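Student: This one is query_5.txt, compact mmCIF, C-alpha atoms.
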# COMPACT_ATOMS: atom_id res chain seq x y z
CA MET V 1 30.91 -179.23 165.06
CA ASN V 2 30.80 -181.99 162.47
CA TYR V 3 30.14 -180.01 159.27
CA SER V 4 29.68 -181.62 155.87
CA HIS V 5 28.42 -178.79 153.64
CA ILE V 6 28.09 -175.01 153.35
CA LEU V 7 24.87 -173.17 152.50
CA LEU V 8 25.52 -170.04 150.41
CA ARG V 9 23.01 -167.18 150.20
CA TYR V 10 22.72 -164.33 147.72
CA GLY V 11 20.50 -161.26 147.61
CA GLU V 12 20.22 -158.86 144.69
CA ILE V 13 20.18 -161.62 142.07
CA PHE V 14 16.52 -162.16 143.00
CA LEU V 15 15.74 -158.84 141.28
CA LYS V 16 17.27 -159.73 137.91
CA GLY V 17 14.24 -161.39 136.29
CA LYS V 18 15.11 -163.09 133.01
CA ASN V 19 18.83 -162.53 133.65
CA LYS V 20 18.73 -164.40 136.98
CA ASN V 21 20.18 -167.63 135.55
CA PHE V 22 23.10 -165.72 134.04
CA PHE V 23 23.85 -164.02 137.35
CA GLU V 24 23.61 -167.31 139.25
CA LYS V 25 25.93 -169.05 136.79
CA LYS V 26 28.50 -166.26 137.10
CA LEU V 27 28.29 -166.33 140.91
CA ALA V 28 28.87 -170.09 140.94
CA GLN V 29 31.89 -169.65 138.64
CA ASN V 30 33.34 -166.93 140.89
CA ILE V 31 32.91 -169.10 143.98
CA LYS V 32 34.85 -171.91 142.31
CA LYS V 33 37.66 -169.60 141.15
CA ILE V 34 38.13 -167.61 144.36
CA VAL V 35 37.56 -170.35 146.94
CA GLY V 36 38.69 -173.40 144.98
CA VAL V 37 35.67 -175.68 145.40
CA SER V 38 35.10 -178.14 142.57
CA SER V 39 31.30 -178.15 142.64
CA VAL V 40 28.57 -175.65 143.56
CA ASN V 41 24.96 -176.83 143.39
CA ARG V 42 21.85 -174.67 143.30
CA LEU V 43 19.06 -175.26 145.83
CA ARG V 44 16.13 -173.01 144.97
CA SER V 45 17.26 -169.56 146.19
CA ARG V 46 20.78 -170.53 147.32
CA PHE V 47 23.83 -172.63 146.60
CA VAL V 48 25.39 -175.51 148.52
CA CYS V 49 28.92 -176.88 148.35
CA GLU V 50 30.92 -179.39 150.34
CA TYR V 51 32.63 -178.15 153.51
CA ILE V 52 36.08 -176.60 153.07
CA ASP V 53 38.58 -175.48 155.70
CA ASN V 54 39.18 -172.14 153.94
CA HIS V 55 35.48 -171.21 154.07
CA LYS V 56 36.41 -167.70 155.26
CA ASP V 57 37.50 -167.00 151.67
CA LEU V 58 33.80 -167.01 150.74
CA LYS V 59 33.64 -163.45 152.12
CA GLN V 60 35.79 -162.45 149.13
CA VAL V 61 33.05 -163.47 146.66
CA PHE V 62 30.90 -160.46 145.79
CA GLY V 63 27.27 -161.44 145.38
CA LEU V 64 27.12 -163.64 148.48
CA THR V 65 25.23 -162.13 151.42
CA SER V 66 25.99 -164.86 153.97
CA TYR V 67 26.88 -168.50 154.41
CA SER V 68 26.37 -171.20 157.04
CA LEU V 69 28.45 -174.21 157.94
CA ALA V 70 25.98 -177.09 157.96
CA LEU V 71 25.50 -180.80 158.42
CA ARG V 72 23.62 -182.53 155.60
CA VAL V 73 21.40 -185.43 156.72
CA GLU V 74 18.65 -187.61 155.29
CA LYS V 75 15.25 -185.96 155.56
CA GLU V 76 13.57 -188.57 157.72
CA PRO V 77 12.09 -187.05 160.91
CA GLU V 78 13.53 -189.44 163.50
CA PHE V 79 16.93 -189.43 161.82
CA ILE V 80 16.98 -185.60 161.75
CA LYS V 81 16.16 -185.45 165.47
CA ASP V 82 18.99 -187.84 166.35
CA GLU V 83 21.46 -185.91 164.19
CA VAL V 84 20.43 -182.56 165.69
CA VAL V 85 21.15 -183.93 169.18
CA LYS V 86 24.60 -185.06 168.04
CA PHE V 87 25.18 -181.70 166.35
CA VAL V 88 24.47 -179.67 169.51
CA SER V 89 25.88 -182.13 172.07
CA LYS V 90 28.74 -179.83 173.07
CA LEU V 91 26.62 -176.69 173.45
CA ASN V 92 25.48 -175.21 176.75
CA GLY V 93 22.76 -172.77 177.73
CA THR V 94 19.44 -172.17 175.98
CA PHE V 95 18.19 -172.83 172.47
CA LYS V 96 15.40 -172.30 169.98
CA ILE V 97 14.53 -174.31 166.85
CA ALA V 98 13.78 -172.70 163.46
CA THR V 99 12.65 -175.13 160.76
CA LYS V 100 12.27 -174.07 157.13
CA ARG V 101 10.44 -176.69 155.07
CA SER V 102 10.68 -175.94 151.35
CA ASP V 103 9.94 -179.59 150.53
CA LYS V 104 6.19 -179.76 151.20
CA GLN V 105 6.30 -183.56 150.88
CA PHE V 106 8.00 -183.68 154.27
CA PRO V 107 5.30 -185.17 156.52
CA ILE V 108 5.51 -182.71 159.45
CA GLY V 109 4.86 -178.98 159.32
CA SER V 110 7.58 -176.53 160.34
CA MET V 111 5.96 -175.39 163.60
CA ASP V 112 5.10 -178.93 164.68
CA PHE V 113 8.59 -180.13 163.87
CA ASN V 114 10.06 -177.29 165.94
CA VAL V 115 8.11 -178.62 168.92
CA GLU V 116 9.16 -182.23 168.30
CA VAL V 117 12.85 -181.45 167.87
CA GLY V 118 12.87 -179.02 170.80
CA GLY V 119 11.37 -181.56 173.14
CA TYR V 120 13.80 -184.22 171.94
CA ILE V 121 16.79 -181.94 172.57
CA GLU V 122 15.59 -181.13 176.09
CA ALA V 123 15.16 -184.84 176.82
CA LYS V 124 18.56 -185.86 175.42
CA THR V 125 20.83 -182.91 176.39
CA ASP V 126 21.34 -180.30 179.11
CA LEU V 127 20.12 -177.50 176.83
CA GLU V 128 16.98 -175.61 177.82
CA PHE V 129 14.42 -174.08 175.47
CA ASN V 130 14.09 -170.28 175.45
CA PHE V 131 11.77 -168.65 172.93
CA GLU V 132 12.56 -164.98 173.54
CA ASN V 133 16.35 -164.80 173.90
CA PRO V 134 18.09 -168.13 173.22
CA ASP V 135 21.86 -168.58 173.33
CA HIS V 136 21.69 -170.75 170.21
CA LEU V 137 19.29 -170.66 167.25
CA ILE V 138 19.32 -174.16 165.76
CA ASN V 139 18.22 -174.03 162.13
CA ILE V 140 16.86 -176.96 160.13
CA GLU V 141 16.32 -176.48 156.39
CA ILE V 142 14.47 -179.28 154.62
CA ASN V 143 14.95 -179.08 150.86
CA GLN V 144 14.13 -181.44 148.00
CA ASP V 145 17.45 -183.27 148.28
CA ALA V 146 18.13 -183.42 152.05
CA ALA V 147 17.94 -181.65 155.41
CA TYR V 148 20.61 -179.21 156.57
CA ILE V 149 21.34 -178.40 160.21
CA PHE V 150 23.24 -175.21 161.10
CA ILE V 151 23.53 -172.59 163.82
CA GLU V 152 25.49 -169.59 162.58
CA SER V 153 25.05 -167.34 159.53
CA ILE V 154 28.30 -165.62 158.62
CA PRO V 155 27.79 -162.27 156.81
CA CYS V 156 29.42 -161.50 153.45
CA PHE V 157 29.60 -158.24 151.46
CA GLY V 158 26.69 -158.86 149.08
CA GLY V 159 26.49 -156.88 145.86
CA LEU V 160 26.54 -158.47 142.41
CA PRO V 161 28.84 -161.18 141.03
CA THR V 162 31.95 -159.61 139.55
CA GLY V 163 31.87 -159.88 135.77
CA VAL V 164 28.18 -159.36 135.00
CA GLU V 165 28.26 -155.60 134.31
CA GLY V 166 31.00 -154.93 131.76
CA LYS V 167 34.53 -153.61 132.36
CA VAL V 168 36.31 -150.39 133.32
CA LEU V 169 39.82 -149.00 133.63
CA LEU V 170 40.96 -148.38 137.19
CA LEU V 171 43.69 -145.76 137.70
CA VAL V 172 45.65 -146.95 140.74
CA GLU V 173 47.18 -143.88 142.37
CA ASP V 174 46.87 -144.62 146.10
CA LYS V 175 44.97 -146.76 148.60
CA SER V 176 41.73 -144.91 147.81
CA SER V 177 41.98 -146.22 144.25
CA ILE V 178 42.01 -149.77 145.62
CA LEU V 179 38.74 -149.12 147.47
CA ALA V 180 37.20 -147.57 144.36
CA GLY V 181 38.12 -150.70 142.43
CA LEU V 182 36.58 -152.95 145.08
CA LEU V 183 33.33 -150.98 145.01
CA PHE V 184 33.07 -151.35 141.24
CA MET V 185 33.80 -155.07 141.47
CA LYS V 186 31.03 -155.31 144.06
CA ARG V 187 28.64 -153.78 141.54
CA GLY V 188 29.47 -156.54 139.05
CA THR V 189 32.20 -154.84 137.00
CA ASN V 190 35.50 -156.32 135.84
CA ILE V 191 38.37 -153.90 136.46
CA PHE V 192 41.57 -153.46 134.48
CA PRO V 193 44.12 -151.62 136.65
CA VAL V 194 46.67 -149.16 135.26
CA ALA V 195 49.18 -146.98 137.11
CA TYR V 196 52.02 -144.53 136.50
CA LYS V 197 54.32 -146.60 138.74
CA GLU V 198 54.28 -149.91 140.56
CA LYS V 199 51.48 -150.28 143.12
CA ASP V 200 50.30 -153.09 145.36
CA ILE V 201 47.05 -154.51 143.96
CA SER V 202 47.01 -157.69 146.06
CA LEU V 203 43.80 -156.66 147.83
CA LEU V 204 42.07 -156.26 144.48
CA GLN V 205 43.32 -159.67 143.38
CA LYS V 206 41.99 -161.19 146.59
CA TYR V 207 38.42 -160.33 145.51
CA SER V 208 38.82 -160.79 141.76
CA PRO V 209 37.80 -164.06 140.09
CA MET V 210 40.15 -163.30 137.17
CA GLN V 211 43.88 -162.68 137.13
CA LEU V 212 44.69 -158.95 137.40
CA ASN V 213 47.77 -157.47 135.74
CA LEU V 214 48.80 -153.92 136.55
CA ASP V 215 49.80 -152.04 133.39
CA ILE V 216 52.40 -149.31 133.97
CA VAL V 217 51.58 -146.40 131.65
CA LYS V 218 52.77 -142.86 130.93
CA ASP V 219 49.33 -141.62 129.92
CA ILE V 220 45.82 -142.88 130.52
CA PRO V 221 45.21 -145.38 127.69
CA THR V 222 42.28 -145.03 125.32
CA ASP V 223 42.83 -148.13 123.18
CA LYS V 224 41.58 -150.85 125.54
CA ASP V 225 37.96 -150.99 124.33
CA MET V 226 36.75 -149.26 127.50
CA ASP V 227 35.15 -145.83 127.82
CA ILE V 228 35.08 -145.45 131.62
CA LEU V 229 37.94 -144.57 133.95
CA VAL V 230 37.48 -145.17 137.70
CA SER V 231 39.35 -142.94 140.15
CA GLY V 232 39.73 -143.05 143.93
CA GLN V 233 39.62 -139.26 144.27
CA ASN V 234 37.38 -137.51 146.76
CA PHE V 235 36.84 -133.79 147.48
CA GLU V 236 40.03 -133.71 149.55
CA ASN V 237 42.26 -134.58 146.57
CA LEU V 238 40.15 -133.67 143.57
CA ASN V 239 41.98 -133.07 140.26
CA ASP V 240 41.12 -133.30 136.58
CA TYR V 241 42.49 -135.96 134.24
CA LYS V 242 43.58 -135.35 130.66
CA THR V 243 41.46 -138.02 129.05
CA GLU V 244 38.48 -138.43 126.77
CA LEU V 245 37.14 -141.24 128.94
CA LEU V 246 34.21 -140.73 131.28
CA VAL V 247 35.72 -140.43 134.78
CA LEU V 248 33.76 -141.92 137.67
CA ARG V 249 34.72 -141.15 141.27
CA PRO V 250 32.72 -143.46 143.61
CA LEU V 251 34.43 -142.00 146.71
CA ILE V 252 33.73 -138.36 145.95
CA ALA V 253 31.52 -137.90 149.05
CA PHE V 254 33.73 -139.89 151.45
CA ASP V 255 36.35 -138.35 153.70
CA ASN V 256 39.75 -139.96 154.25
CA VAL V 257 38.74 -141.45 157.61
CA GLU V 258 35.73 -143.19 156.07
CA ILE V 259 37.86 -144.48 153.21
CA GLN V 260 40.37 -146.00 155.62
CA GLU V 261 37.60 -147.60 157.67
CA MET V 262 36.15 -149.24 154.56
CA LEU V 263 39.56 -150.43 153.44
CA ASP V 264 40.15 -151.97 156.86
CA MET V 265 36.84 -153.80 156.55
CA TYR V 266 37.82 -155.38 153.22
CA SER V 267 41.36 -156.12 154.42
CA LYS V 268 40.30 -158.35 157.33
Transcribe the structure of this file into structure tokens.
Tutor:
Amino acid sequence: MNYSHILLRYGEIFLKGKNKNFFEKKLAQNIKKIVGVSSVNRLRSRFVCEYIDNHKDLKQVFGLTSYSLALRVEKEPEFIKDEVVKFVSKLNGTFKIATKRSDKQFPIGSMDFNVEVGGYIEAKTDLEFNFENPDHLINIEINQDAAYIFIESIPCFGGLPTGVEGKVLLLVEDKSSILAGLLFMKRGTNIFPVAYKEKDISLLQKYSPMQLNLDIVKDIPTDKDMDILVSGQNFENLNDYKTELLVLRPLIAFDNVEIQEMLDMYSK
């Protein structure tokens, strides 16, 4: 496929009302830091950036729900139809068209344009239309700036952008602690990891938009301007900590098998 851009979707930010702009700005910053793109532009309820080879790193950005590799074209009907044919020229089997027209100045309605593009594809390629169970769903999004053609939506982990909900200490004792840290980052929290001895926090760094430094300590610190300690304990290894901090255990109801399965999911 000849991709030029990537459409980026987010979910929970819609619910943030007056804080929505702050959440969107933080998400855009995190995308730039984690993935390395130089520019992220907002298009109504999503972002768009130029195509990058390391697009799989977008799955490491909490707050994104999915993304699509897309071709950006001028929003002129005949030009779009020609570009769609080029875009799907190597595909086989059946197809269906789904047009989303957020720019109401576009002269053809979504349903009518589906019919036009579908007929054009059948005339110009070996693909056959199938409404009920197509092999390929060909999407066309027509926004204020351009039209975007894409087929696949790649799922991400969702949540909130890391860095919008304060900060916590993370006590890194074992692999469960790593998962606990990831879950707090997914809820928008910056984590500051501490441990009694050296631990591998590379998986945490993979998802963090800021540089993480593991502090080796003898006792749980209380002088870091944080009042919450996050632990990876569950009922199978539950112990008390000698600390005045509020201890949160997000994995308390998970068993060790479930914890490993979730870690494997984030490690892919």
Student: When you look at V:Lys224 with a cut-off of 10 Å (counting all atoms listed in the file), what residues show up, excluding the ones that are within fewer than 4 positions of it in the same chain? I need them as a list of chain:residue names.
Tutor: V:Val168, V:Leu169, V:Phe192
Student: Limited to C-alpha atoms, could you put the picked residues into a file as a compact mmCIF listing (two decimals), in the coordinates of the input?
Tutor:
# COMPACT_ATOMS: atom_id res chain seq x y z
CA VAL V 168 36.31 -150.39 133.32
CA LEU V 169 39.82 -149.00 133.63
CA PHE V 192 41.57 -153.46 134.48
Student: From the list V:Ile201, V:Leu170, V:Leu7, V:Ile138, which residue is nearest V:Pro221 when using only C-alpha atoms?
Tutor: V:Leu170
Student: Atom CA of V:Lys167 and atom CA of V:Tyr266 are how many Å apart?
Tutor: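 If I compute the distance from atom CA of V:Lys167 to atom CA of V:Tyr266, I get 21.2 Å.
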Student: Contacts of V:Ile252 at 7 Å or less, counting only C-alpha atoms, minus same-chain residues fewer than 5 places along, as a PyMOL selection string?
Tutor: chain V and resi 233-235
Student: Using only C-alpha atoms, please write the residues we just selected to a file, as a PDB file, keeping the file's coordinate frame.
Tutor:
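So the final result, stored in selection-v2.pdb, reads:
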ATOM      1  CA  GLN V 233      39.620-139.260 144.270  1.00  0.00           C
ATOM      2  CA  ASN V 234      37.380-137.510 146.760  1.00  0.00           C
ATOM      3  CA  PHE V 235      36.840-133.790 147.480  1.00  0.00           C
TER       4      PHE V 235
END
Student: Once you count all atoms listed in the file, what closest atom pair and distance in Å to one decimal does each residue of stretch 78-120 of chain V within 8 Å of stretch 147-150 of chain V have, with rows by chain and rising residue number, as a Markdown table?
Tutor:
| residue | atom | partner | partner_atom | distance |
| --- | --- | --- | --- | --- |
| V:Ile80 | CA | V:Ala147 | CA | 7.5 |
| V:Val84 | CA | V:Ile149 | CA | 6.9 |
| V:Phe87 | CA | V:Ile149 | CA | 8.0 |
